[in-house]
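**Student:** Below you'll find structure_36.csv; it's CSV, C-alpha atoms and all ligand atoms.
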```
chain,number,residue,atom,x,y,z
A,1,MET,CA,69.1,86.2,89.8
A,2,LEU,CA,72.8,87.0,90.2
A,3,LYS,CA,74.7,87.4,87.0
A,4,LEU,CA,78.5,87.3,86.8
A,5,TYR,CA,80.3,88.6,83.7
A,6,HIS,CA,83.7,86.9,83.7
A,7,VAL,CA,86.6,85.2,82.0
A,8,PRO,CA,87.4,81.8,83.5
A,9,ILE,CA,91.2,82.2,83.4
A,10,SER,CA,91.2,85.7,85.1
A,11,PHE,CA,92.0,85.6,88.8
A,12,ASN,CA,90.2,88.9,89.2
A,13,SER,CA,86.9,87.2,88.2
A,14,ARG,CA,87.7,83.8,89.5
A,15,ARG,CA,87.7,85.1,93.1
A,16,VAL,CA,84.1,86.2,92.6
A,17,TRP,CA,83.1,83.0,91.0
A,18,ILE,CA,84.6,81.0,93.9
A,19,ALA,CA,82.8,83.2,96.5
A,20,LEU,CA,79.5,82.6,94.7
A,21,LEU,CA,80.1,78.9,94.8
A,22,GLU,CA,81.4,78.8,98.4
A,23,LYS,CA,78.3,80.7,99.5
A,24,LYS,CA,76.2,78.2,97.5
A,25,LEU,CA,74.3,81.0,95.7
A,26,GLN,CA,72.3,80.5,92.5
A,27,PHE,CA,73.9,82.5,89.7
A,28,GLU,CA,74.3,82.8,85.9
A,29,LEU,CA,77.7,83.1,84.3
A,30,VAL,CA,78.2,85.3,81.2
A,31,GLU,CA,81.6,84.5,79.7
A,32,LEU,CA,83.4,87.2,77.7
A,33,LYS,CA,86.3,87.0,75.3
A,34,LEU,CA,88.7,89.8,76.0
A,35,ASP,CA,89.5,90.3,72.4
A,36,GLY,CA,86.6,92.6,71.9
A,37,ASP,CA,83.5,91.6,73.9
A,38,GLN,CA,84.5,94.0,76.7
A,39,PHE,CA,84.2,97.0,74.3
A,40,GLN,CA,80.6,96.1,73.2
A,41,PRO,CA,78.3,99.0,74.1
A,42,ASP,CA,76.1,96.8,76.4
A,43,PHE,CA,79.1,95.8,78.4
A,44,VAL,CA,80.7,99.3,78.5
A,45,ALA,CA,77.3,100.5,79.9
A,46,LEU,CA,77.8,98.1,82.8
A,47,ASN,CA,81.5,98.9,83.3
A,48,PRO,CA,82.9,102.0,81.6
A,49,PHE,CA,86.4,100.8,82.4
A,50,HIS,CA,85.6,97.7,80.2
A,51,HIS,CA,86.9,95.2,82.9
A,52,ILE,CA,85.6,91.9,84.1
A,53,PRO,CA,84.3,91.0,86.6
A,54,VAL,CA,80.9,92.7,86.8
A,55,LEU,CA,78.2,91.4,89.1
A,56,VAL,CA,74.5,92.3,88.5
A,57,ASP,CA,72.1,91.4,91.3
A,58,ASP,CA,68.4,92.2,90.6
A,59,GLY,CA,69.4,95.2,88.4
A,60,PHE,CA,72.1,96.4,90.8
A,61,ARG,CA,75.5,96.5,89.2
A,62,VAL,CA,78.8,96.1,91.0
A,63,ILE,CA,82.3,96.5,89.5
A,64,GLU,CA,85.7,95.9,91.1
A,65,SER,CA,86.2,92.4,92.4
A,66,LEU,CA,86.9,93.4,96.1
A,67,ALA,CA,83.7,95.6,96.1
A,68,ILE,CA,81.8,92.6,94.7
A,69,LEU,CA,83.1,90.3,97.4
A,70,ASP,CA,82.1,92.9,100.1
A,71,TYR,CA,78.7,93.2,98.5
A,72,LEU,CA,78.2,89.4,98.5
A,73,GLU,CA,79.3,89.2,102.1
A,74,ALA,CA,76.9,91.9,103.2
A,75,LYS,CA,73.9,90.7,101.2
A,76,TYR,CA,74.5,86.9,101.6
A,77,PRO,CA,76.2,86.6,105.0
A,78,THR,CA,76.1,82.8,105.3
A,79,PRO,CA,78.6,81.3,105.5
A,80,ALA,CA,80.4,84.3,107.0
A,81,MET,CA,83.7,85.1,105.2
A,82,LEU,CA,84.6,88.3,106.9
A,83,PRO,CA,85.5,88.3,110.6
A,84,THR,CA,84.4,91.2,112.7
A,85,GLU,CA,87.0,91.0,115.5
A,86,ALA,CA,89.6,93.8,114.9
A,87,GLN,CA,92.8,91.8,114.5
A,88,ASN,CA,91.1,89.1,112.4
A,89,LEU,CA,89.5,91.7,110.1
A,90,ALA,CA,92.9,93.5,109.7
A,91,THR,CA,94.5,90.1,108.9
A,92,VAL,CA,91.9,89.5,106.1
A,93,ARG,CA,92.4,93.0,104.7
A,94,MET,CA,96.2,92.8,104.8
A,95,ALA,CA,96.2,89.5,102.9
A,96,GLN,CA,93.8,90.8,100.3
A,97,MET,CA,95.7,94.1,99.8
A,98,VAL,CA,99.2,92.5,99.7
A,99,THR,CA,97.9,90.1,97.1
A,100,ILE,CA,96.4,92.9,95.0
A,101,ASN,CA,99.1,95.5,95.5
A,102,GLU,CA,102.2,93.4,95.7
A,103,LEU,CA,101.8,89.9,94.3
A,104,ALA,CA,99.6,90.8,91.3
A,105,PRO,CA,101.7,93.5,89.7
A,106,ALA,CA,104.8,91.4,90.1
A,107,THR,CA,103.0,88.4,88.6
A,108,ASN,CA,101.8,90.5,85.7
A,109,LEU,CA,105.3,91.5,84.8
A,110,LEU,CA,106.4,87.8,84.8
A,111,PHE,CA,103.4,87.0,82.7
A,112,MET,CA,104.3,89.6,80.1
A,113,GLN,CA,107.8,88.2,80.0
A,114,MET,CA,106.4,84.7,79.4
A,115,LEU,CA,104.4,86.1,76.5
A,116,GLY,CA,107.7,87.5,74.9
A,117,VAL,CA,107.3,91.1,75.9
A,118,LYS,CA,110.8,92.2,76.8
A,119,SER,CA,111.5,93.7,80.2
A,120,ASP,CA,114.7,94.9,81.8
A,121,GLU,CA,116.5,92.2,83.8
A,122,SER,CA,116.5,94.7,86.7
A,123,LYS,CA,112.7,95.0,86.6
A,124,LEU,CA,112.3,91.2,86.5
A,125,GLU,CA,114.6,90.9,89.5
A,126,GLU,CA,112.5,93.6,91.3
A,127,ALA,CA,109.4,91.6,90.5
A,128,ARG,CA,110.9,88.4,91.9
A,129,ALA,CA,112.0,90.1,95.0
A,130,ARG,CA,108.6,91.7,95.5
A,131,LEU,CA,107.0,88.3,95.1
A,132,ALA,CA,109.4,86.8,97.7
A,133,THR,CA,108.7,89.6,100.2
A,134,GLY,CA,104.9,89.2,99.6
A,135,LEU,CA,105.0,85.4,100.0
A,136,SER,CA,107.1,85.6,103.2
A,137,PHE,CA,104.7,88.2,104.6
A,138,LEU,CA,101.6,86.0,103.8
A,139,GLU,CA,103.4,82.9,105.3
A,140,ASN,CA,104.0,84.7,108.6
A,141,LEU,CA,100.5,86.3,108.5
A,142,LEU,CA,98.8,82.9,108.3
A,143,GLY,CA,101.0,81.5,111.0
A,144,ASN,CA,99.2,78.8,113.0
A,145,SER,CA,95.7,79.7,111.7
A,146,SER,CA,93.9,77.4,109.2
A,147,TYR,CA,92.7,80.4,107.2
A,148,TYR,CA,93.3,84.2,107.1
A,149,GLY,CA,91.5,85.7,110.0
A,150,GLY,CA,90.5,82.5,111.8
A,151,GLU,CA,89.4,78.9,111.4
A,152,GLN,CA,86.9,79.4,108.6
A,153,LEU,CA,87.5,80.2,105.0
A,154,SER,CA,87.5,84.0,104.5
A,155,LEU,CA,87.4,86.4,101.6
A,156,ALA,CA,91.2,86.8,102.0
A,157,ASP,CA,91.8,83.0,101.4
A,158,ILE,CA,89.8,83.4,98.1
A,159,VAL,CA,91.7,86.5,97.0
A,160,ALA,CA,95.2,85.3,98.0
A,161,GLY,CA,94.6,81.7,97.1
A,162,THR,CA,93.5,82.3,93.5
A,163,THR,CA,96.8,84.2,93.0
A,164,VAL,CA,99.2,82.0,95.0
A,165,SER,CA,97.8,78.8,93.5
A,166,VAL,CA,98.8,79.8,90.0
A,167,LEU,CA,102.3,81.0,90.7
A,168,HIS,CA,103.8,77.8,89.5
A,169,TYR,CA,102.8,78.9,85.9
A,170,PHE,CA,105.5,81.6,86.4
A,171,ASN,CA,108.1,79.2,87.8
A,172,VAL,CA,107.6,80.6,91.3
A,173,SER,CA,107.9,77.8,93.7
A,174,LEU,CA,106.3,77.6,97.2
A,175,ASP,CA,108.9,75.2,98.5
A,176,GLU,CA,110.3,77.9,100.8
A,177,TYR,CA,106.9,78.6,102.2
A,178,PRO,CA,105.7,75.4,103.9
A,179,ILE,CA,102.7,77.0,105.6
A,180,LEU,CA,101.4,78.7,102.4
A,181,SER,CA,102.1,75.5,100.5
A,182,ALA,CA,99.9,73.4,102.8
A,183,TRP,CA,97.2,76.0,102.9
A,184,CYS,CA,97.2,76.2,99.1
A,185,GLU,CA,97.0,72.5,98.8
A,186,ARG,CA,93.9,72.5,101.0
A,187,LEU,CA,92.2,75.3,99.1
A,188,VAL,CA,92.7,73.8,95.6
A,189,GLN,CA,91.0,70.5,96.8
A,190,ARG,CA,87.8,72.4,97.7
A,191,PRO,CA,84.8,71.7,95.3
A,192,ALA,CA,84.5,75.4,94.4
A,193,TRP,CA,88.1,75.6,93.4
A,194,LEU,CA,88.1,72.3,91.5
A,195,GLU,CA,85.0,73.5,89.6
A,196,THR,CA,86.7,76.8,88.6
A,197,THR,CA,90.2,75.5,87.7
A,198,THR,CA,91.4,76.2,84.2
A,199,SER,CA,93.0,73.0,82.8
A,200,THR,CA,96.8,73.1,82.0
A,201,ARG,CA,95.8,72.6,78.4
A,202,ASP,CA,93.5,75.6,78.3
A,203,VAL,CA,96.2,77.7,80.0
A,204,ALA,CA,98.7,76.7,77.4
A,205,ALA,CA,96.2,77.5,74.6
A,206,PHE,CA,95.5,80.9,76.2
A,207,ILE,CA,99.2,81.7,76.4
A,208,SER,CA,99.9,80.8,72.8
A,209,ARG,CA,96.9,82.8,71.6
A,210,ARG,CA,98.1,85.9,73.5
A,211,LYS,CA,101.7,85.3,72.2
A,212,ALA,CA,100.4,85.3,68.6
A,213,GLN,CA,98.3,88.5,69.2
A,214,ILE,CA,101.3,90.3,70.7
A,215,ALA,CA,103.6,89.1,67.9
A,216,GLN,CA,101.0,90.3,65.3
A,217,SER,CA,100.7,93.7,66.9
A,218,LYS,CA,104.5,94.3,66.7
B,301,LIG,N1,90.6,96.1,89.7
B,301,LIG,C1,89.8,95.3,88.9
B,301,LIG,C2,90.7,94.7,87.8
B,301,LIG,C3,89.9,94.1,86.7
B,301,LIG,C4,90.7,93.7,85.5
B,301,LIG,O1,91.8,94.2,85.3
B,301,LIG,N2,90.2,92.9,84.6
B,301,LIG,C5,90.9,92.5,83.4
B,301,LIG,C6,91.0,91.0,83.2
B,301,LIG,S1,91.9,90.3,84.5
B,301,LIG,C7,90.1,93.0,82.2
B,301,LIG,O2,88.9,93.0,82.2
B,301,LIG,N3,90.8,93.4,81.1
B,301,LIG,C8,90.1,93.8,79.9
B,301,LIG,C9,90.2,95.3,79.6
B,301,LIG,O3,90.6,96.1,80.5
B,301,LIG,O4,89.9,95.7,78.5
B,301,LIG,C10,89.1,94.2,89.7
B,301,LIG,O5,89.6,93.8,90.7
B,301,LIG,O6,87.9,93.9,89.4
```
Let me see the structure of the file written as structure tokens.
**Tutor:**
Amino acid sequence: MLKLYHVPISFNSRRVWIALLEKKLQFELVELKLDGDQFQPDFVALNPFHHIPVLVDDGFRVIESLAILDYLEAKYPTPAMLPTEAQNLATVRMAQMVTINELAPATNLLFMQMLGVKSDESKLEEARARLATGLSFLENLLGNSSYYGGEQLSLADIVAGTTVSVLHYFNVSLDEYPILSAWCERLVQRPAWLETTTSTRDVAAFISRRKAQIAQSK
């Protein structure tokens, strides 16, 4: 039986959770609280870097969300979520890597600011500009396709979609990106996405808990 160690609000683990549901696999969820569970010896034995997500499949452990997605695709290839044609595969990988390497760091900075961690205005400007470049790139990359890399949901839609669909929490609007906006609307209506959405109320509770922890540690 597949077992996913996760935190529902984390987009790093939500992308794996959604892939498991989209592939209609049977799995067990183990929810961690990131204020200490990740340092418990049993968990550190699974992931010495103490990060979620971790997937365990019949005793085989996989860390790193993108490695987990590739593992799931190779082991459970139906429905296929990774095209094999060269340009489509490159499109999928570009959307994944731009999300991870460009959007996510910029989003993290805006998140820290939201929690009250001071950052230079120039760094914030840089983060906003990086997000704008990333979103325009993703808008053009999707173009006339329904999904990244073709007409079927791909791993890139899951990776990019779980990040792009929460940008409104950071006051980043998709109004200037009509293609991304429509794509995102379609994704969030899918059963797997609805099932894994954190409610606005839980997001607010999470933010105020993190704010309190940060204020306490000052
Ligand atoms: N590159 C990793 C990043 C995982 C990651 O940063 N997870 C965070 C939560 S979003 C975490 O577990 N933080 C707790 C810690 O590092 O102690 C992946 O894609 O799986």
**Student:** List the spatial neighbours of Ser146 (chain A) as a PyMOL selection string - criterion: any atom at most 10 Å away, all atoms listed in the file, same-chain residues fewer than 3 positions off excluded.
**Tutor:** chain A and resi 142-143+149-153+157+179+182-183+186
**Student:** Extract, using all atoms listed in the file, all DNA, RNA and protein residues at most 8 Å from Val54 (chain A), discarding same-chain residues fewer than 5 positions from it, and format them as a PyMOL selection string.
**Tutor:** chain A and resi 4-6+46-47+61-65+68
**Student:** Using only C-alpha atoms and all ligand atoms, which of the listed residues (A:Val159, A:Ala127, A:Ala86, A:Val92) sits closest to ligand LIG 301 (chain B)?
**Tutor:** A:Val159
**Student:** For ligand LIG 301 (chain B), return the neighbouring residues as a VMD selection string (distance at most 9 Å; only C-alpha atoms and all ligand atoms).
**Tutor:** chain A and resid 6 to 7 9 to 13 34 to 39 49 to 54 63 to 68 100
**Student:** For Val164 (chain A), which of A:Pro41, A:Gly116, A:Gly134, A:Pro48 is the closest residue, counting only C-alpha atoms?
**Tutor:**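 Checking each of A:Pro41, A:Gly116, A:Gly134, A:Pro48 against Val164 (chain A), counting only C-alpha atoms, the winner is A:Gly134.
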**Student:** With a distance cut-off of 12 Å and only C-alpha atoms, select the neighbouring residues of Leu21 (chain A), excluding the residue or stretch itself and same-chain residues fewer than 5 positions from it, and output the selection as number ranges by chain.
**Tutor:** A: 2, 4, 14-16, 26-29, 72, 76, 78-79, 158, 190-196
**Student:** Quick one: pull the distance between CA of Phe111 (chain A) and CA of Phe170 (chain A), Å, one decimal.
**Tutor:** 6.9 Å
**Student:** For each of A:Leu69, A:Asp175, A:Arg93, A:Tyr147, take the minimum atom-to-atom distance to Ile18 (chain A), counting only C-alpha atoms, then give the residue where this is smallest.
**Tutor:**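 Among A:Leu69, A:Asp175, A:Arg93, A:Tyr147, it is A:Leu69 that comes nearest to Ile18 (chain A).
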**Student:** Please tell me which residues are no farther than 12 Å from (100.1, 87.1, 71.2) in the file, counting only C-alpha atoms, and write them as a PyMOL selection string.
**Tutor:** chain A and resi 35+111-117+205-218
**Student:** Using Å and a single decimal, report how far CA of Ser181 (chain A) sits from CA of Ser145 (chain A).
**Tutor:**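 A separation of 13.6 Å between them.
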**Student:** If I take CA of Arg128 (chain A) and CA of Thr107 (chain A), how far is one from the other in Å, to one decimal?
**Tutor:**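 So the two atoms, CA of Arg128 (chain A) and CA of Thr107 (chain A), lie 8.6 Å apart.
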**Student:** Restricting the calculation to all atoms listed in the file: of A:Ala132, A:Leu167, A:Val203, A:Leu155, which residue gets closest to Ala74 (chain A)?
**Tutor:** A:Leu155
**Student:** Pick out the closest residue to Glu176 (chain A) from this set: A:Ser122, A:Pro77, A:Thr84, A:Leu135. Count only C-alpha atoms.
**Tutor:**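 Among A:Ser122, A:Pro77, A:Thr84, A:Leu135, it is A:Leu135 that comes nearest to Glu176 (chain A).
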**Student:** Using only C-alpha atoms, find the one residue out of A:Leu103, A:Lys75, A:Thr133, A:Lys118 that sits nearest to Ala160 (chain A).
**Tutor:**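 Closest to Ala160 (chain A), using only C-alpha atoms: A:Leu103.
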**Student:** Please return region 180-211 of chain A, rebuilt to N, CA and C atoms, as a short mmCIF file (atom, residue, chain, number, x, y, z; two decimals), in the coordinates of the input.
**Tutor:**
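What follows is the written file out32.cif:
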```
data_model
loop_
_atom_site.label_atom_id
_atom_site.label_comp_id
_atom_site.auth_asym_id
_atom_site.auth_seq_id
_atom_site.Cartn_x
_atom_site.Cartn_y
_atom_site.Cartn_z
N LEU A 180 102.24 78.28 103.57
CA LEU A 180 101.40 78.70 102.40
C LEU A 180 101.16 77.49 101.49
N SER A 181 102.19 76.68 101.35
CA SER A 181 102.10 75.50 100.50
C SER A 181 100.98 74.57 100.93
N ALA A 182 100.95 74.29 102.24
CA ALA A 182 99.90 73.40 102.80
C ALA A 182 98.54 74.01 102.69
N TRP A 183 98.46 75.31 102.97
CA TRP A 183 97.20 76.00 102.90
C TRP A 183 96.65 76.00 101.45
N CYS A 184 97.57 76.23 100.51
CA CYS A 184 97.20 76.20 99.10
C CYS A 184 96.68 74.86 98.65
N GLU A 185 97.39 73.83 99.10
CA GLU A 185 97.00 72.50 98.80
C GLU A 185 95.55 72.19 99.26
N ARG A 186 95.25 72.69 100.47
CA ARG A 186 93.90 72.50 101.00
C ARG A 186 92.86 73.23 100.20
N LEU A 187 93.21 74.46 99.82
CA LEU A 187 92.20 75.30 99.10
C LEU A 187 91.90 74.64 97.73
N VAL A 188 92.93 74.22 97.01
CA VAL A 188 92.70 73.80 95.60
C VAL A 188 91.88 72.44 95.58
N GLN A 189 91.77 71.78 96.75
CA GLN A 189 91.00 70.50 96.80
C GLN A 189 89.48 70.84 97.04
N ARG A 190 89.16 72.07 97.37
CA ARG A 190 87.80 72.40 97.70
C ARG A 190 86.92 72.32 96.40
N PRO A 191 85.66 71.84 96.50
CA PRO A 191 84.80 71.70 95.30
C PRO A 191 84.76 72.98 94.46
N ALA A 192 84.61 74.14 95.13
CA ALA A 192 84.50 75.40 94.40
C ALA A 192 85.73 75.71 93.58
N TRP A 193 86.86 75.30 94.11
CA TRP A 193 88.10 75.60 93.40
C TRP A 193 88.32 74.61 92.27
N LEU A 194 87.96 73.34 92.53
CA LEU A 194 88.10 72.30 91.50
C LEU A 194 87.18 72.71 90.29
N GLU A 195 85.98 73.17 90.63
CA GLU A 195 85.00 73.50 89.60
C GLU A 195 85.47 74.70 88.71
N THR A 196 86.32 75.56 89.27
CA THR A 196 86.70 76.80 88.60
C THR A 196 88.14 76.77 88.04
N THR A 197 88.80 75.62 88.17
CA THR A 197 90.20 75.50 87.70
C THR A 197 90.23 75.50 86.18
N THR A 198 91.15 76.27 85.61
CA THR A 198 91.40 76.20 84.20
C THR A 198 92.40 75.07 83.94
N SER A 199 92.12 74.17 83.01
CA SER A 199 93.00 73.00 82.80
C SER A 199 94.38 73.56 82.26
N THR A 200 95.42 72.79 82.50
CA THR A 200 96.80 73.10 82.00
C THR A 200 96.71 73.33 80.49
N ARG A 201 95.90 72.50 79.84
CA ARG A 201 95.80 72.60 78.40
C ARG A 201 95.17 73.92 77.95
N ASP A 202 94.12 74.35 78.66
CA ASP A 202 93.50 75.60 78.30
C ASP A 202 94.40 76.82 78.65
N VAL A 203 95.20 76.66 79.71
CA VAL A 203 96.20 77.70 80.00
C VAL A 203 97.18 77.84 78.90
N ALA A 204 97.68 76.68 78.45
CA ALA A 204 98.70 76.70 77.40
C ALA A 204 98.08 77.29 76.10
N ALA A 205 96.82 76.96 75.80
CA ALA A 205 96.20 77.50 74.60
C ALA A 205 96.01 79.01 74.72
N PHE A 206 95.66 79.47 75.92
CA PHE A 206 95.50 80.90 76.20
C PHE A 206 96.82 81.64 75.95
N ILE A 207 97.89 81.04 76.50
CA ILE A 207 99.20 81.70 76.40
C ILE A 207 99.63 81.75 74.91
N SER A 208 99.41 80.68 74.16
CA SER A 208 99.90 80.80 72.80
C SER A 208 99.02 81.72 71.94
N ARG A 209 97.72 81.83 72.27
CA ARG A 209 96.90 82.80 71.60
C ARG A 209 97.35 84.25 71.87
N ARG A 210 97.65 84.51 73.14
CA ARG A 210 98.10 85.90 73.50
C ARG A 210 99.47 86.18 72.89
N LYS A 211 100.35 85.15 72.83
CA LYS A 211 101.70 85.30 72.20
C LYS A 211 101.48 85.74 70.75
#
```
